[in-house]
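File shown here: query-v4.pdb, holding PDB, C-alpha atoms.
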```pdb
ATOM      1  CA  MET M  90      94.690 107.574  95.642  1.00  0.00           C
ATOM      2  CA  LYS M  91      92.484 104.893  94.148  1.00  0.00           C
ATOM      3  CA  THR M  92      88.736 105.265  93.792  1.00  0.00           C
ATOM      4  CA  GLY M  93      85.884 104.141  91.571  1.00  0.00           C
ATOM      5  CA  GLY M  94      83.786 106.103  89.116  1.00  0.00           C
ATOM      6  CA  THR M  95      80.565 105.431  91.002  1.00  0.00           C
ATOM      7  CA  GLU M  96      81.940 106.834  94.285  1.00  0.00           C
ATOM      8  CA  ALA M  97      84.364 109.524  93.132  1.00  0.00           C
ATOM      9  CA  PHE M  98      82.043 112.526  93.507  1.00  0.00           C
ATOM     10  CA  GLN M  99      81.007 111.255  96.931  1.00  0.00           C
ATOM     11  CA  LYS M 100      84.495 110.752  98.378  1.00  0.00           C
ATOM     12  CA  ILE M 101      87.146 112.726  96.493  1.00  0.00           C
ATOM     13  CA  PRO M 102      85.965 116.292  97.345  1.00  0.00           C
ATOM     14  CA  ALA M 103      86.124 115.590 101.092  1.00  0.00           C
ATOM     15  CA  GLN M 104      89.626 114.141 100.740  1.00  0.00           C
ATOM     16  CA  LEU M 105      90.831 117.104  98.680  1.00  0.00           C
ATOM     17  CA  LEU M 106      89.392 119.587 101.178  1.00  0.00           C
ATOM     18  CA  THR M 107      90.879 117.867 104.232  1.00  0.00           C
ATOM     19  CA  PHE M 108      94.108 115.939 104.625  1.00  0.00           C
ATOM     20  CA  LEU M 109      95.144 115.933 100.947  1.00  0.00           C
ATOM     21  CA  GLN M 110      95.500 119.727 100.962  1.00  0.00           C
ATOM     22  CA  CYS M 111      98.943 119.169 102.451  1.00  0.00           C
ATOM     23  CA  ALA M 112     100.080 117.089  99.487  1.00  0.00           C
ATOM     24  CA  GLN M 113      98.239 118.653  96.533  1.00  0.00           C
ATOM     25  CA  ASP M 114     101.257 118.697  94.193  1.00  0.00           C
ATOM     26  CA  ASP M 115     102.009 115.040  94.758  1.00  0.00           C
ATOM     27  CA  VAL M 116      98.478 113.645  94.660  1.00  0.00           C
ATOM     28  CA  LEU M 117      97.555 111.441  91.727  1.00  0.00           C
ATOM     29  CA  ILE M 118      94.044 110.022  91.626  1.00  0.00           C
ATOM     30  CA  PHE M 119      93.218 106.839  89.736  1.00  0.00           C
ATOM     31  CA  SER M 120      89.858 105.279  89.017  1.00  0.00           C
ATOM     32  CA  ASP M 121      87.989 103.075  86.591  1.00  0.00           C
ATOM     33  CA  LEU M 122      86.709 106.210  84.854  1.00  0.00           C
ATOM     34  CA  GLU M 123      88.664 109.198  83.595  1.00  0.00           C
ATOM     35  CA  GLN M 124      87.147 112.478  84.775  1.00  0.00           C
ATOM     36  CA  ASP M 125      87.920 115.749  86.544  1.00  0.00           C
ATOM     37  CA  ILE M 126      86.850 116.682  90.063  1.00  0.00           C
ATOM     38  CA  GLY M 127      87.699 119.872  91.903  1.00  0.00           C
ATOM     39  CA  GLY M 128      90.483 120.842  89.544  1.00  0.00           C
ATOM     40  CA  HIS M 129      92.090 117.391  89.784  1.00  0.00           C
ATOM     41  CA  HIS M 130      92.329 115.015  86.865  1.00  0.00           C
ATOM     42  CA  ILE M 131      91.365 111.444  87.661  1.00  0.00           C
ATOM     43  CA  TYR M 132      93.202 108.924  85.530  1.00  0.00           C
ATOM     44  CA  ASP M 133      91.695 105.725  84.155  1.00  0.00           C
ATOM     45  CA  SER M 134      93.830 102.986  85.662  1.00  0.00           C
ATOM     46  CA  LEU M 135      92.196 100.287  83.521  1.00  0.00           C
ATOM     47  CA  ASP M 136      92.746 101.684  80.036  1.00  0.00           C
ATOM     48  CA  LYS M 137      95.888  99.537  79.549  1.00  0.00           C
ATOM     49  CA  VAL M 138      94.470  96.241  80.822  1.00  0.00           C
ATOM     50  CA  VAL M 139      95.231  93.640  78.167  1.00  0.00           C
ATOM     51  CA  GLU M 140      92.342  93.034  75.793  1.00  0.00           C
ATOM     52  CA  LYS M 141      92.471  89.279  76.467  1.00  0.00           C
ATOM     53  CA  THR M 142      91.513  89.987  80.081  1.00  0.00           C
ATOM     54  CA  LYS M 143      88.706  92.439  79.268  1.00  0.00           C
ATOM     55  CA  LYS M 144      87.118  90.553  76.396  1.00  0.00           C
ATOM     56  CA  ASP M 145      83.983  88.624  77.401  1.00  0.00           C
ATOM     57  CA  ASN M 146      84.840  89.187  81.073  1.00  0.00           C
ATOM     58  CA  PRO M 147      81.749  90.165  83.124  1.00  0.00           C
ATOM     59  CA  ASP M 148      84.080  91.837  85.644  1.00  0.00           C
ATOM     60  CA  PHE M 149      84.360  94.703  83.126  1.00  0.00           C
ATOM     61  CA  ASP M 150      80.615  95.228  82.573  1.00  0.00           C
ATOM     62  CA  LEU M 151      80.517  98.173  84.987  1.00  0.00           C
ATOM     63  CA  TYR M 152      83.643  99.669  83.403  1.00  0.00           C
ATOM     64  CA  ASN M 153      81.986  99.603  79.977  1.00  0.00           C
ATOM     65  CA  THR M 154      78.640 100.833  81.325  1.00  0.00           C
ATOM     66  CA  GLN M 155      80.323 103.820  83.017  1.00  0.00           C
ATOM     67  CA  LYS M 156      81.983 104.813  79.758  1.00  0.00           C
ATOM     68  CA  GLU M 157      78.638 104.566  77.937  1.00  0.00           C
ATOM     69  CA  TYR M 158      76.907 106.669  80.627  1.00  0.00           C
ATOM     70  CA  ARG M 159      79.587 109.302  80.379  1.00  0.00           C
ATOM     71  CA  LEU M 160      79.319 109.502  76.571  1.00  0.00           C
ATOM     72  CA  ALA M 161      75.538 109.810  76.848  1.00  0.00           C
ATOM     73  CA  GLY M 162      75.807 112.501  79.549  1.00  0.00           C
ATOM     74  CA  GLY M 163      74.392 110.182  82.202  1.00  0.00           C
ATOM     75  CA  GLU M 164      74.881 110.532  85.939  1.00  0.00           C
ATOM     76  CA  ILE M 165      77.628 108.054  86.908  1.00  0.00           C
ATOM     77  CA  SER M 166      76.709 108.172  90.591  1.00  0.00           C
ATOM     78  CA  SER M 167      73.345 106.624  89.657  1.00  0.00           C
ATOM     79  CA  LEU M 168      75.332 103.392  89.233  1.00  0.00           C
ATOM     80  CA  SER M 169      76.326 103.405  92.922  1.00  0.00           C
ATOM     81  CA  SER M 170      73.914 100.524  93.591  1.00  0.00           C
ATOM     82  CA  ARG M 171      76.410  98.343  91.732  1.00  0.00           C
ATOM     83  CA  ALA M 172      78.899  98.433  94.620  1.00  0.00           C
ATOM     84  CA  ARG M 173      79.630  94.714  94.346  1.00  0.00           C
ATOM     85  CA  ASP M 174      80.530  95.109  90.643  1.00  0.00           C
ATOM     86  CA  ALA M 175      82.749  98.072  91.539  1.00  0.00           C
ATOM     87  CA  TRP M 176      84.526  96.037  94.206  1.00  0.00           C
ATOM     88  CA  ILE M 177      85.181  93.187  91.744  1.00  0.00           C
ATOM     89  CA  LEU M 178      86.483  95.632  89.117  1.00  0.00           C
ATOM     90  CA  ASP M 179      88.762  97.244  91.694  1.00  0.00           C
ATOM     91  CA  LYS M 180      91.112  94.248  91.784  1.00  0.00           C
ATOM     92  CA  TYR M 181      92.404  95.064  88.311  1.00  0.00           C
ATOM     93  CA  LYS M 182      93.538  98.586  89.259  1.00  0.00           C
ATOM     94  CA  ASN M 183      96.484  98.058  91.601  1.00  0.00           C
ATOM     95  CA  ILE M 184      99.348  97.151  89.284  1.00  0.00           C
ATOM     96  CA  HIS M 185      98.211  99.608  86.624  1.00  0.00           C
ATOM     97  CA  THR M 186      97.893 102.347  89.239  1.00  0.00           C
ATOM     98  CA  ALA M 187     101.418 101.626  90.490  1.00  0.00           C
ATOM     99  CA  GLN M 188     102.742 101.552  86.947  1.00  0.00           C
ATOM    100  CA  LYS M 189     101.167 104.881  86.029  1.00  0.00           C
ATOM    101  CA  ALA M 190     102.225 106.544  89.288  1.00  0.00           C
ATOM    102  CA  TYR M 191     105.817 105.460  88.673  1.00  0.00           C
ATOM    103  CA  GLN M 192     105.750 106.684  85.066  1.00  0.00           C
ATOM    104  CA  MET M 193     104.214 110.024  86.046  1.00  0.00           C
ATOM    105  CA  ARG M 194     106.457 110.581  89.090  1.00  0.00           C
ATOM    106  CA  PRO M 195     109.599 108.497  88.344  1.00  0.00           C
ATOM    107  CA  ASN M 196     111.977 110.169  90.792  1.00  0.00           C
ATOM    108  CA  LYS M 197     110.048 110.002  94.050  1.00  0.00           C
ATOM    109  CA  SER M 198     111.590 108.426  97.144  1.00  0.00           C
ATOM    110  CA  TRP M 199     108.269 106.941  98.275  1.00  0.00           C
ATOM    111  CA  TYR M 200     104.984 105.848  96.695  1.00  0.00           C
ATOM    112  CA  PHE M 201     102.059 105.732  99.087  1.00  0.00           C
ATOM    113  CA  PHE M 202      98.813 104.188  97.864  1.00  0.00           C
ATOM    114  CA  ILE M 203      95.497 104.799  99.597  1.00  0.00           C
ATOM    115  CA  ASP M 204      91.822 104.349  98.845  1.00  0.00           C
ATOM    116  CA  ALA M 205      89.278 107.169  98.731  1.00  0.00           C
ATOM    117  CA  ASP M 206      88.091 106.354 102.258  1.00  0.00           C
ATOM    118  CA  THR M 207      91.548 106.295 103.879  1.00  0.00           C
ATOM    119  CA  TYR M 208      92.620 109.070 106.239  1.00  0.00           C
ATOM    120  CA  ILE M 209      96.248 109.837 107.066  1.00  0.00           C
ATOM    121  CA  VAL M 210      97.708 111.696 110.023  1.00  0.00           C
ATOM    122  CA  TRP M 211     100.622 113.304 108.189  1.00  0.00           C
ATOM    123  CA  ALA M 212     102.660 114.281 111.267  1.00  0.00           C
ATOM    124  CA  ASN M 213     102.853 110.659 112.437  1.00  0.00           C
ATOM    125  CA  PHE M 214     103.386 109.357 108.924  1.00  0.00           C
ATOM    126  CA  PHE M 215     106.353 111.651 108.201  1.00  0.00           C
ATOM    127  CA  GLN M 216     107.960 110.964 111.588  1.00  0.00           C
ATOM    128  CA  TRP M 217     107.842 107.250 110.809  1.00  0.00           C
ATOM    129  CA  LEU M 218     109.027 107.759 107.228  1.00  0.00           C
ATOM    130  CA  LYS M 219     112.210 109.539 108.404  1.00  0.00           C
ATOM    131  CA  GLN M 220     113.351 106.242 109.918  1.00  0.00           C
ATOM    132  CA  LEU M 221     113.208 104.364 106.606  1.00  0.00           C
ATOM    133  CA  ASP M 222     115.549 104.240 103.610  1.00  0.00           C
ATOM    134  CA  PRO M 223     113.913 104.504 100.147  1.00  0.00           C
ATOM    135  CA  ALA M 224     116.981 102.823  98.599  1.00  0.00           C
ATOM    136  CA  GLU M 225     115.945  99.590 100.345  1.00  0.00           C
ATOM    137  CA  LYS M 226     113.232  97.462  98.724  1.00  0.00           C
ATOM    138  CA  LEU M 227     110.395  98.141 101.145  1.00  0.00           C
ATOM    139  CA  TYR M 228     106.710  97.222 100.879  1.00  0.00           C
ATOM    140  CA  LEU M 229     104.915  98.262 104.057  1.00  0.00           C
ATOM    141  CA  GLY M 230     101.325  98.302 105.219  1.00  0.00           C
ATOM    142  CA  SER M 231      98.688  96.624 107.326  1.00  0.00           C
ATOM    143  CA  ARG M 232      99.279  92.895 106.913  1.00  0.00           C
ATOM    144  CA  VAL M 233      96.453  90.661 105.657  1.00  0.00           C
ATOM    145  CA  ASN M 234      96.794  86.885 105.808  1.00  0.00           C
ATOM    146  CA  ILE M 235      94.480  85.747 103.021  1.00  0.00           C
ATOM    147  CA  GLY M 236      96.379  83.235 100.955  1.00  0.00           C
ATOM    148  CA  VAL M 237     100.113  83.101 100.419  1.00  0.00           C
ATOM    149  CA  PRO M 238     102.004  85.347 100.596  1.00  0.00           C
ATOM    150  CA  PRO M 239     100.404  87.797 103.021  1.00  0.00           C
ATOM    151  CA  PHE M 240      99.872  91.288 101.618  1.00  0.00           C
ATOM    152  CA  ALA M 241      99.284  94.868 102.696  1.00  0.00           C
ATOM    153  CA  HIS M 242      95.646  95.929 102.874  1.00  0.00           C
ATOM    154  CA  GLY M 243      94.893  98.620 100.280  1.00  0.00           C
ATOM    155  CA  GLY M 244      92.190 100.301 102.329  1.00  0.00           C
ATOM    156  CA  SER M 245      94.684 100.997 105.109  1.00  0.00           C
ATOM    157  CA  GLY M 246      97.218 102.243 102.600  1.00  0.00           C
ATOM    158  CA  TYR M 247     100.552 100.752 101.655  1.00  0.00           C
ATOM    159  CA  LEU M 248     103.955 102.251 101.010  1.00  0.00           C
ATOM    160  CA  LEU M 249     106.594 101.250  98.492  1.00  0.00           C
ATOM    161  CA  SER M 250     110.114 102.622  98.409  1.00  0.00           C
ATOM    162  CA  SER M 251     111.599 103.873  95.153  1.00  0.00           C
ATOM    163  CA  ALA M 252     113.732 100.712  95.019  1.00  0.00           C
ATOM    164  CA  ALA M 253     110.660  98.478  95.401  1.00  0.00           C
ATOM    165  CA  MET M 254     108.704 100.421  92.769  1.00  0.00           C
ATOM    166  CA  ALA M 255     111.599 100.211  90.311  1.00  0.00           C
ATOM    167  CA  GLU M 256     111.606  96.443  90.699  1.00  0.00           C
ATOM    168  CA  LEU M 257     107.817  96.122  90.562  1.00  0.00           C
ATOM    169  CA  VAL M 258     106.994  98.346  87.607  1.00  0.00           C
ATOM    170  CA  GLY M 259     110.308  99.624  86.278  1.00  0.00           C
ATOM    171  CA  GLU M 260     111.836  98.042  83.197  1.00  0.00           C
ATOM    172  CA  ASP M 261     109.242  95.324  82.516  1.00  0.00           C
ATOM    173  CA  ALA M 262     106.186  97.289  83.596  1.00  0.00           C
ATOM    174  CA  VAL M 263     104.081  96.279  80.589  1.00  0.00           C
ATOM    175  CA  GLY M 264     104.939  92.609  81.020  1.00  0.00           C
ATOM    176  CA  VAL M 265     104.251  92.690  84.748  1.00  0.00           C
ATOM    177  CA  ALA M 266     100.871  94.331  84.197  1.00  0.00           C
ATOM    178  CA  ALA M 267      99.905  91.887  81.432  1.00  0.00           C
ATOM    179  CA  ARG M 268     100.763  88.880  83.613  1.00  0.00           C
ATOM    180  CA  TYR M 269      98.891  90.394  86.532  1.00  0.00           C
ATOM    181  CA  ASP M 270      95.794  91.093  84.405  1.00  0.00           C
ATOM    182  CA  GLU M 271      95.443  87.394  83.664  1.00  0.00           C
ATOM    183  CA  TYR M 272      96.088  86.465  87.297  1.00  0.00           C
ATOM    184  CA  ALA M 273      93.530  88.997  88.573  1.00  0.00           C
ATOM    185  CA  ILE M 274      90.681  87.148  86.852  1.00  0.00           C
ATOM    186  CA  ARG M 275      91.036  84.413  89.500  1.00  0.00           C
ATOM    187  CA  ALA M 276      92.263  86.561  92.421  1.00  0.00           C
ATOM    188  CA  CYS M 277      90.014  87.743  95.211  1.00  0.00           C
ATOM    189  CA  CYS M 278      91.552  91.179  95.627  1.00  0.00           C
ATOM    190  CA  GLY M 279      93.865  93.454  93.714  1.00  0.00           C
ATOM    191  CA  ASP M 280      96.207  94.169  96.585  1.00  0.00           C
ATOM    192  CA  GLN M 281      96.780  90.442  97.122  1.00  0.00           C
ATOM    193  CA  GLU M 282      99.472  89.816  94.528  1.00  0.00           C
TER     194      GLU M 282
END
```
Go ahead and render the structure in this file as structure tokens.
Amino acid sequence: MKTGGTEAFQKIPAQLLTFLQCAQDDVLIFSDLEQDIGGHHIYDSLDKVVEKTKKDNPDFDLYNTQKEYRLAGGEISSLSSRARDAWILDKYKNIHTAQKAYQMRPNKSWYFFIDADTYIVWANFFQWLKQLDPAEKLYLGSRVNIGVPPFAHGGSGYLLSSAAMAELVGEDAVGVAARYDEYAIRACCGDQE
């Protein structure tokens, strides 16, 4: 699951108490701020963004402000009025989130990425999943036609097979992420590329 530091306390508890209870052992939560909520560790998906991308980039102002607030004992949710800044920062998370998920759970058949406001009907999802082969390179989700190529909408959730994840963030994960970081500066959304 991907969220943001300014919304985490608003959205994560409800997710953990509802449909994520069925998948507690396999849930990894990533954000732009490392913290703990409800016994779950939330990983900073931006801590490995290349310095060249972060340096003098206003997209990372909220990221830096959140870290300062946390060190000073400030209330991160008080930054929720900066939703636009959070949305812009979000585009840098996708590849790093995928990379970390793959490193932390390298032997999974499927990797399913959702946002903190996504809801899944597990019975339907697992029935559909039985029809697919994780050894095939599959990237599946709700298609969005903004630019070329089309991509799967992150808010609806998207699924990658183990074969697709191995290709995306396997051997050259650091190189892929570094190239993506530079691309993301000009991209509209993180799930686009």
Practice problem: Compile the contact shell of M:Asp115 as a VMD selection string: residues with an atom at most 12 Å away, counting all atoms listed in the file, same-chain residues fewer than 3 positions apart removed. | Solution: chain M and resid 90 109 to 112 118 129 190 to 191 193 to 202
List every residue of stretch 158-210 of chain M that has an atom at most 10 Å from any atom of stretch 137-143 of chain M, giving for each one its closest atom pair and the distance in Å to one decimal, counting only C-alpha atoms, sorted by chain and then by ascending residue number, as a tab-separated table.
```
residue	atom	partner	partner_atom	distance
M:Tyr181	CA	M:Val138	CA	7.9
M:Lys182	CA	M:Val138	CA	8.8
M:Ile184	CA	M:Val138	CA	9.8
M:His185	CA	M:Lys137	CA	7.4
M:Lys189	CA	M:Lys137	CA	9.9
```
Practice problem: List the neighbours of M:Val258 out to 9 Å using only C-alpha atoms; skip same-chain residues closer than 2 positions along the sequence, and give me the result as number ranges by chain. | Solution: M: 184-185, 187-189, 191-192, 253-256, 260-266
Quiz item: Quick one: of M:Val210, M:Leu221, M:Ile126, M:Leu117, who's nearest to M:Ala103, counting all atoms listed in the file?
Solution: M:Ile126
Quiz item: What is the distance between atom CA of M:Ser251 and atom CA of M:Glu225, in Å to one decimal?
Solution: 8.0 Å
Practice problem: Just say which residues the PyMOL selection byres ((chain M and resi 247) around 12) picks in this file, as a ChimeraX atom specification. | Solution: /M:90-91,183,187,199-204,207,209,214,227-233,240-246,248-250,280-281
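Atom pair atom CA of M:Ser166 / atom CA of M:Thr92 has a distance of 12.8 Å (rounded to one decimal).
Using the PyMOL selection byres ((chain M and resi 174) around 10) on the file at hand returns these residues: Pro147, Asp148, Phe149, Asp150, Leu151, Tyr152, Leu168, Ser169, Ser170, Arg171, Ala172, Arg173, Ala175, Trp176, Ile177, Leu178 and Asp179 of chain M.
Among the candidates M:Asp121, M:Asp206, M:Asp114, M:Asp136, the one nearest to M:Gln155 when counting all atoms listed in the file is M:Asp121.
Compared by their closest atoms to M:Tyr132, and using all atoms listed in the file, the residues M:Ala97, M:Ile235, M:Ile165, M:Leu106 rank with M:Ala97 nearest.
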Practice problem: Write out as a VMD selection string the residues lying within 10 Å of M:Ser167, counting only C-alpha atoms and excluding same-chain residues fewer than 6 positions away. | Solution: chain M and resid 95 to 96 158
Using the file's own x, y and z axes, so that the box edges lie along x, y and z, what centre and edge lengths in Å (one decimal) does a box around every listed atom of stretch 165-181 of chain M get when 5 Å is added on each side? Give it as AutoDock Vina command-line options.
```
--center_x 82.9 --center_y 100.7 --center_z 90.8 --size_x 29.1 --size_y 25.0 --size_z 17.7
```
Practice problem: Would you mind reading off the distance between atom CA of M:Glu164 and atom CA of M:Asp270, one decimal, in Å? | Solution: 28.6 Å
Quiz item: Between M:Asn153, M:Trp217, M:Lys100, M:Lys144, which is the closest to M:Gly127 once you count only C-alpha atoms?
Solution: M:Lys100
